[in-house]
Every structure is written in C-alpha cells, then in structure tokens.
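Peer 1: Below is the file data29.pdb, with PDB, C-alpha atoms.
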```pdb
ATOM      1  CA  MET A  18      78.124  26.613  54.487  1.00  0.00           C
ATOM      2  CA  PRO A  19      75.433  28.561  56.370  1.00  0.00           C
ATOM      3  CA  SER A  20      73.140  30.842  54.414  1.00  0.00           C
ATOM      4  CA  ASP A  21      73.098  34.606  55.002  1.00  0.00           C
ATOM      5  CA  ALA A  22      69.863  34.187  56.968  1.00  0.00           C
ATOM      6  CA  GLU A  23      71.435  31.473  59.150  1.00  0.00           C
ATOM      7  CA  LYS A  24      74.389  33.765  59.882  1.00  0.00           C
ATOM      8  CA  VAL A  25      72.060  36.551  61.029  1.00  0.00           C
ATOM      9  CA  VAL A  26      70.227  34.153  63.349  1.00  0.00           C
ATOM     10  CA  SER A  27      73.470  32.615  64.628  1.00  0.00           C
ATOM     11  CA  ASP A  28      74.904  36.068  65.391  1.00  0.00           C
ATOM     12  CA  PHE A  29      71.621  37.024  67.074  1.00  0.00           C
ATOM     13  CA  CYS A  30      71.735  33.946  69.299  1.00  0.00           C
ATOM     14  CA  LYS A  31      75.344  34.703  70.277  1.00  0.00           C
ATOM     15  CA  ALA A  32      74.432  38.319  71.085  1.00  0.00           C
ATOM     16  CA  TRP A  33      72.236  37.178  73.961  1.00  0.00           C
ATOM     17  CA  SER A  34      75.332  36.229  75.981  1.00  0.00           C
ATOM     18  CA  ARG A  35      76.264  39.940  76.105  1.00  0.00           C
ATOM     19  CA  ARG A  36      72.837  40.817  77.598  1.00  0.00           C
ATOM     20  CA  ASN A  37      72.744  44.153  75.736  1.00  0.00           C
ATOM     21  CA  LEU A  38      69.128  44.994  74.899  1.00  0.00           C
ATOM     22  CA  ASP A  39      70.056  47.596  72.261  1.00  0.00           C
ATOM     23  CA  GLU A  40      72.320  45.104  70.484  1.00  0.00           C
ATOM     24  CA  ILE A  41      69.629  42.407  70.570  1.00  0.00           C
ATOM     25  CA  LEU A  42      66.966  44.812  69.260  1.00  0.00           C
ATOM     26  CA  GLY A  43      69.337  45.839  66.453  1.00  0.00           C
ATOM     27  CA  TYR A  44      68.754  42.458  64.823  1.00  0.00           C
ATOM     28  CA  PHE A  45      65.027  43.172  64.279  1.00  0.00           C
ATOM     29  CA  THR A  46      63.140  45.059  61.596  1.00  0.00           C
ATOM     30  CA  GLU A  47      61.002  47.915  62.963  1.00  0.00           C
ATOM     31  CA  ASP A  48      57.782  45.926  62.376  1.00  0.00           C
ATOM     32  CA  ALA A  49      59.123  42.548  63.539  1.00  0.00           C
ATOM     33  CA  VAL A  50      56.976  40.059  65.413  1.00  0.00           C
ATOM     34  CA  TYR A  51      58.316  38.012  68.346  1.00  0.00           C
ATOM     35  CA  HIS A  52      56.039  35.169  69.399  1.00  0.00           C
ATOM     36  CA  ASN A  53      56.738  32.934  72.349  1.00  0.00           C
ATOM     37  CA  VAL A  54      54.041  30.556  71.217  1.00  0.00           C
ATOM     38  CA  PRO A  55      52.598  29.872  74.687  1.00  0.00           C
ATOM     39  CA  VAL A  56      51.810  33.630  75.029  1.00  0.00           C
ATOM     40  CA  ASP A  57      50.577  36.460  72.793  1.00  0.00           C
ATOM     41  CA  PRO A  58      52.950  37.802  70.110  1.00  0.00           C
ATOM     42  CA  ALA A  59      54.824  41.087  70.517  1.00  0.00           C
ATOM     43  CA  LYS A  60      54.561  43.306  67.433  1.00  0.00           C
ATOM     44  CA  GLY A  61      57.162  45.976  66.728  1.00  0.00           C
ATOM     45  CA  LYS A  62      60.489  46.766  68.411  1.00  0.00           C
ATOM     46  CA  THR A  63      58.921  48.585  71.369  1.00  0.00           C
ATOM     47  CA  ALA A  64      56.726  45.600  72.261  1.00  0.00           C
ATOM     48  CA  ILE A  65      59.613  43.185  71.693  1.00  0.00           C
ATOM     49  CA  ALA A  66      61.806  45.273  74.016  1.00  0.00           C
ATOM     50  CA  GLY A  67      59.112  45.018  76.685  1.00  0.00           C
ATOM     51  CA  VAL A  68      58.984  41.227  76.456  1.00  0.00           C
ATOM     52  CA  ILE A  69      62.760  40.842  76.509  1.00  0.00           C
ATOM     53  CA  ASN A  70      63.049  43.302  79.401  1.00  0.00           C
ATOM     54  CA  SER A  71      60.608  41.189  81.410  1.00  0.00           C
ATOM     55  CA  PHE A  72      63.228  38.454  81.856  1.00  0.00           C
ATOM     56  CA  LEU A  73      66.672  39.612  80.628  1.00  0.00           C
ATOM     57  CA  PRO A  74      67.514  41.819  83.660  1.00  0.00           C
ATOM     58  CA  MET A  75      66.836  38.887  86.015  1.00  0.00           C
ATOM     59  CA  ALA A  76      69.546  36.788  84.358  1.00  0.00           C
ATOM     60  CA  SER A  77      73.189  37.307  85.249  1.00  0.00           C
ATOM     61  CA  HIS A  78      74.208  35.074  82.344  1.00  0.00           C
ATOM     62  CA  VAL A  79      72.375  33.975  79.190  1.00  0.00           C
ATOM     63  CA  GLU A  80      73.357  31.422  76.578  1.00  0.00           C
ATOM     64  CA  PHE A  81      71.407  30.316  73.525  1.00  0.00           C
ATOM     65  CA  ARG A  82      73.143  27.030  72.725  1.00  0.00           C
ATOM     66  CA  VAL A  83      72.200  26.129  69.136  1.00  0.00           C
ATOM     67  CA  MET A  84      72.336  22.388  68.554  1.00  0.00           C
ATOM     68  CA  LYS A  85      70.854  22.217  65.059  1.00  0.00           C
ATOM     69  CA  SER A  86      70.114  24.815  62.406  1.00  0.00           C
ATOM     70  CA  ALA A  87      68.593  24.586  58.954  1.00  0.00           C
ATOM     71  CA  SER A  88      67.371  27.129  56.454  1.00  0.00           C
ATOM     72  CA  ASN A  89      65.344  27.412  53.307  1.00  0.00           C
ATOM     73  CA  GLY A  90      65.762  30.801  51.681  1.00  0.00           C
ATOM     74  CA  ASN A  91      65.067  33.439  54.316  1.00  0.00           C
ATOM     75  CA  ILE A  92      63.508  30.973  56.817  1.00  0.00           C
ATOM     76  CA  VAL A  93      65.738  29.566  59.571  1.00  0.00           C
ATOM     77  CA  PHE A  94      64.847  26.804  62.011  1.00  0.00           C
ATOM     78  CA  ASN A  95      66.961  26.050  65.033  1.00  0.00           C
ATOM     79  CA  GLU A  96      66.920  23.679  67.955  1.00  0.00           C
ATOM     80  CA  ARG A  97      68.376  25.317  71.037  1.00  0.00           C
ATOM     81  CA  MET A  98      68.919  25.042  74.733  1.00  0.00           C
ATOM     82  CA  ASP A  99      68.293  28.477  76.231  1.00  0.00           C
ATOM     83  CA  ILE A 100      70.160  28.791  79.522  1.00  0.00           C
ATOM     84  CA  PHE A 101      69.483  31.554  82.035  1.00  0.00           C
ATOM     85  CA  HIS A 102      71.367  31.999  85.310  1.00  0.00           C
ATOM     86  CA  MET A 103      68.835  33.617  87.646  1.00  0.00           C
ATOM     87  CA  GLY A 104      70.175  34.065  91.154  1.00  0.00           C
ATOM     88  CA  GLN A 105      70.912  30.608  92.519  1.00  0.00           C
ATOM     89  CA  LYS A 106      68.915  28.909  89.756  1.00  0.00           C
ATOM     90  CA  VAL A 107      70.004  27.814  86.318  1.00  0.00           C
ATOM     91  CA  VAL A 108      67.077  27.524  83.935  1.00  0.00           C
ATOM     92  CA  GLU A 109      67.646  25.231  80.952  1.00  0.00           C
ATOM     93  CA  LEU A 110      64.866  25.385  78.410  1.00  0.00           C
ATOM     94  CA  PRO A 111      64.721  23.305  75.215  1.00  0.00           C
ATOM     95  CA  VAL A 112      63.424  25.534  72.396  1.00  0.00           C
ATOM     96  CA  ALA A 113      62.577  25.178  68.725  1.00  0.00           C
ATOM     97  CA  GLY A 114      62.896  28.530  66.969  1.00  0.00           C
ATOM     98  CA  VAL A 115      61.610  29.705  63.610  1.00  0.00           C
ATOM     99  CA  PHE A 116      62.943  32.928  62.118  1.00  0.00           C
ATOM    100  CA  GLU A 117      62.207  34.926  58.991  1.00  0.00           C
ATOM    101  CA  VAL A 118      65.018  37.214  57.866  1.00  0.00           C
ATOM    102  CA  THR A 119      64.273  40.202  55.628  1.00  0.00           C
ATOM    103  CA  ASN A 120      67.078  42.378  54.256  1.00  0.00           C
ATOM    104  CA  GLY A 121      69.516  41.106  56.881  1.00  0.00           C
ATOM    105  CA  LYS A 122      67.176  41.624  59.868  1.00  0.00           C
ATOM    106  CA  ILE A 123      64.802  39.346  61.745  1.00  0.00           C
ATOM    107  CA  SER A 124      61.216  40.137  60.767  1.00  0.00           C
ATOM    108  CA  LEU A 125      59.584  37.196  62.559  1.00  0.00           C
ATOM    109  CA  TRP A 126      60.772  35.104  65.494  1.00  0.00           C
ATOM    110  CA  ARG A 127      58.649  32.285  66.889  1.00  0.00           C
ATOM    111  CA  ASP A 128      59.840  30.118  69.755  1.00  0.00           C
ATOM    112  CA  TYR A 129      58.117  26.875  70.727  1.00  0.00           C
ATOM    113  CA  PHE A 130      58.767  25.656  74.264  1.00  0.00           C
ATOM    114  CA  ASP A 131      57.059  24.228  77.331  1.00  0.00           C
ATOM    115  CA  MET A 132      56.015  27.153  79.554  1.00  0.00           C
ATOM    116  CA  GLN A 133      55.400  24.790  82.481  1.00  0.00           C
ATOM    117  CA  MET A 134      59.013  23.592  82.254  1.00  0.00           C
ATOM    118  CA  PHE A 135      60.215  27.219  82.404  1.00  0.00           C
ATOM    119  CA  THR A 136      57.895  28.088  85.302  1.00  0.00           C
ATOM    120  CA  LYS A 137      58.918  25.039  87.371  1.00  0.00           C
ATOM    121  CA  GLN A 138      62.577  25.965  87.034  1.00  0.00           C
ATOM    122  CA  THR A 139      62.060  29.586  88.096  1.00  0.00           C
ATOM    123  CA  GLN A 140      59.968  28.928  91.223  1.00  0.00           C
TER     124      GLN A 140
END
```
Mind turning the file's structure into structure tokens?

Peer 2:
Amino acid sequence: MPSDAEKVVSDFCKAWSRRNLDEILGYFTEDAVYHNVPVDPAKGKTAIAGVINSFLPMASHVEFRVMKSASNGNIVFNERMDIFHMGQKVVELPVAGVFEVTNGKISLWRDYFDMQMFTKQTQ
C-alpha cells in the first residue's frame, strides 16, 4: 500500500496530464524548491511557475508515466518516462525524481535527467 507521501506524488504526476498550472502549483508548499538537476533550482511557487511555464504551454499533451515508486517516510523516489507532445514531435525523457512531502504538499522536487537527450528531441 502506498504511503501518504507516495499518494501525493502519484496524484501530482497524474495532474500533469491536465496541463493546468494552478492545479500543478497547488501541490507545492509556498517555499518549495524545484530542481531540474542540470539547471539551477527554482525556489518558491513564483519561480517554480516560471520554470513550468517555460515548457508546459508548448506541449499539447503531457504524461508522467511512473514505472517505479518507493518511499521512506516523507521522501519519495520515482522512475518515470516524461512524455511531451510538442507540435509534430513527441519527446520521451527518462527521469529519476526525488520528492520531499511536508504536511501533504511537495516541499522539494529534484529531477535527474539527460538534458542533451531532451534538447536533441526538441530540435
């Protein structure tokens, strides 16, 4: 049975398919940190919104396909395939995510992926 933290992260990943920025941001604490490890971290909801808005509007469809998930207390690890339909291109990006959940909200989200793989698929 998934932990409460795993449920929050699972629901968050499913929310991406609806492409609703307000819904996605609702999963974060006000002082959350989002770190796509190849780039600098975004600190706070406003900065996180800016990062998400840099790529979400370009995608007509988004799916975070979670293949594996594990948790220890409020820490959740998942292995995902993030899929973005961008015009005629479908970007499929293998990702390892680490989340910290505090009082039912995501307070830290780190994603590890190959930026070159993402860039090659979007050019």

Peer 1: Here's the selection I'm unsure about, the PyMOL selection byres ((chain A and resi 99) around 9); applied to the file above, which residues does it give, as a list in words?

Peer 2: Val79, Glu80, Phe81, Arg82, Val83, Arg97, Met98, Ile100, Phe101, Val108, Glu109, Leu110, Pro111 and Val112 of chain A

Peer 1: For A:His102, which residue among A:Gln138, A:Ser71, A:Gln133, A:Ser88 is the nearest when counting all atoms listed in the file?

Peer 2: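 Closest candidate: A:Gln138.
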
Peer 1: Excluding A:Ser27 and residues on its chain fewer than 5 positions from it, collect all residues at most 10 Å away from it, counting all atoms listed in the file, and give them as JSON, numbers by chain.

Peer 2: {"A": [19, 21, 22, 32, 81, 82, 83, 86, 93, 95]}

Peer 1: I'd like to see the residues matched by the PyMOL selection byres ((chain A and resi 72-74) around 10) on this file, and ideally I'd get them as a PyMOL selection string.

Peer 2: chain A and resi 33+36-38+66-71+75-79+101+103

Peer 1: Please indicate the distance in Å from atom CA of A:Asp128 to atom CA of A:Tyr51, rounded to one decimal place.

Peer 2: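 Taking atom CA of A:Asp128 as the start and atom CA of A:Tyr51 as the end point, the length is 8.2 Å.
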
Peer 1: What does the distance between atom CA of A:Met132 and atom CA of A:Thr46 come to in Å, to one decimal place?

Peer 2: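 Computing the Euclidean distance for atom CA of A:Met132 and atom CA of A:Thr46 yields 26.3 Å.
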
Peer 1: Contacts of A:Val50 at 9 Å or less, counting all atoms listed in the file, minus same-chain residues fewer than 3 places along, as a CSV table (one decimal) with C-alpha atoms, keeping the file's coordinate frame?

Peer 2:
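Just written: selection-v4.csv:
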```
chain,number,residue,atom,x,y,z
A,45,PHE,CA,65.0,43.2,64.3
A,46,THR,CA,63.1,45.1,61.6
A,58,PRO,CA,53.0,37.8,70.1
A,59,ALA,CA,54.8,41.1,70.5
A,60,LYS,CA,54.6,43.3,67.4
A,61,GLY,CA,57.2,46.0,66.7
A,62,LYS,CA,60.5,46.8,68.4
A,64,ALA,CA,56.7,45.6,72.3
A,65,ILE,CA,59.6,43.2,71.7
A,123,ILE,CA,64.8,39.3,61.7
A,124,SER,CA,61.2,40.1,60.8
A,125,LEU,CA,59.6,37.2,62.6
A,126,TRP,CA,60.8,35.1,65.5
A,127,ARG,CA,58.6,32.3,66.9
```

Peer 1: Identify the residues around (52.0, 25.8, 75.2) within a radius of 7 Å, measuring from all atoms listed in the file in the coordinates stated by the file, and give them as a PyMOL selection string.

Peer 2: chain A and resi 54-55+130-132

Peer 1: Just give me the gap between atom CA of A:Glu47 and atom CA of A:Ala113 in Å, one decimal is fine.

Peer 2: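 Computing it gives 23.5 Å between the two atoms.
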
Peer 1: Give the answer as one residue: which of A:Lys106, A:Lys137, A:Lys85, A:Lys122 has the shortest atom-to-atom distance to A:Val26, using all atoms listed in the file?

Peer 2: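 Among A:Lys106, A:Lys137, A:Lys85, A:Lys122, it is A:Lys122 that comes nearest to A:Val26.
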
Peer 1: Neighbours of A:Val25 within 9 Å (all atoms listed in the file; same-chain residues fewer than 5 positions away dropped), as a PyMOL selection string?

Peer 2: chain A and resi 20+30+44+118+121-123

Peer 1: Restricted to C-alpha atoms, what would the selected residues look like written as a tab-separated table (two decimals), keeping the file's coordinate frame?

Peer 2:
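Result written to again.tsv:
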```tsv
chain	number	residue	atom	x	y	z
A	20	SER	CA	73.14	30.84	54.41
A	30	CYS	CA	71.74	33.95	69.30
A	44	TYR	CA	68.75	42.46	64.82
A	118	VAL	CA	65.02	37.21	57.87
A	121	GLY	CA	69.52	41.11	56.88
A	122	LYS	CA	67.18	41.62	59.87
A	123	ILE	CA	64.80	39.35	61.74
```
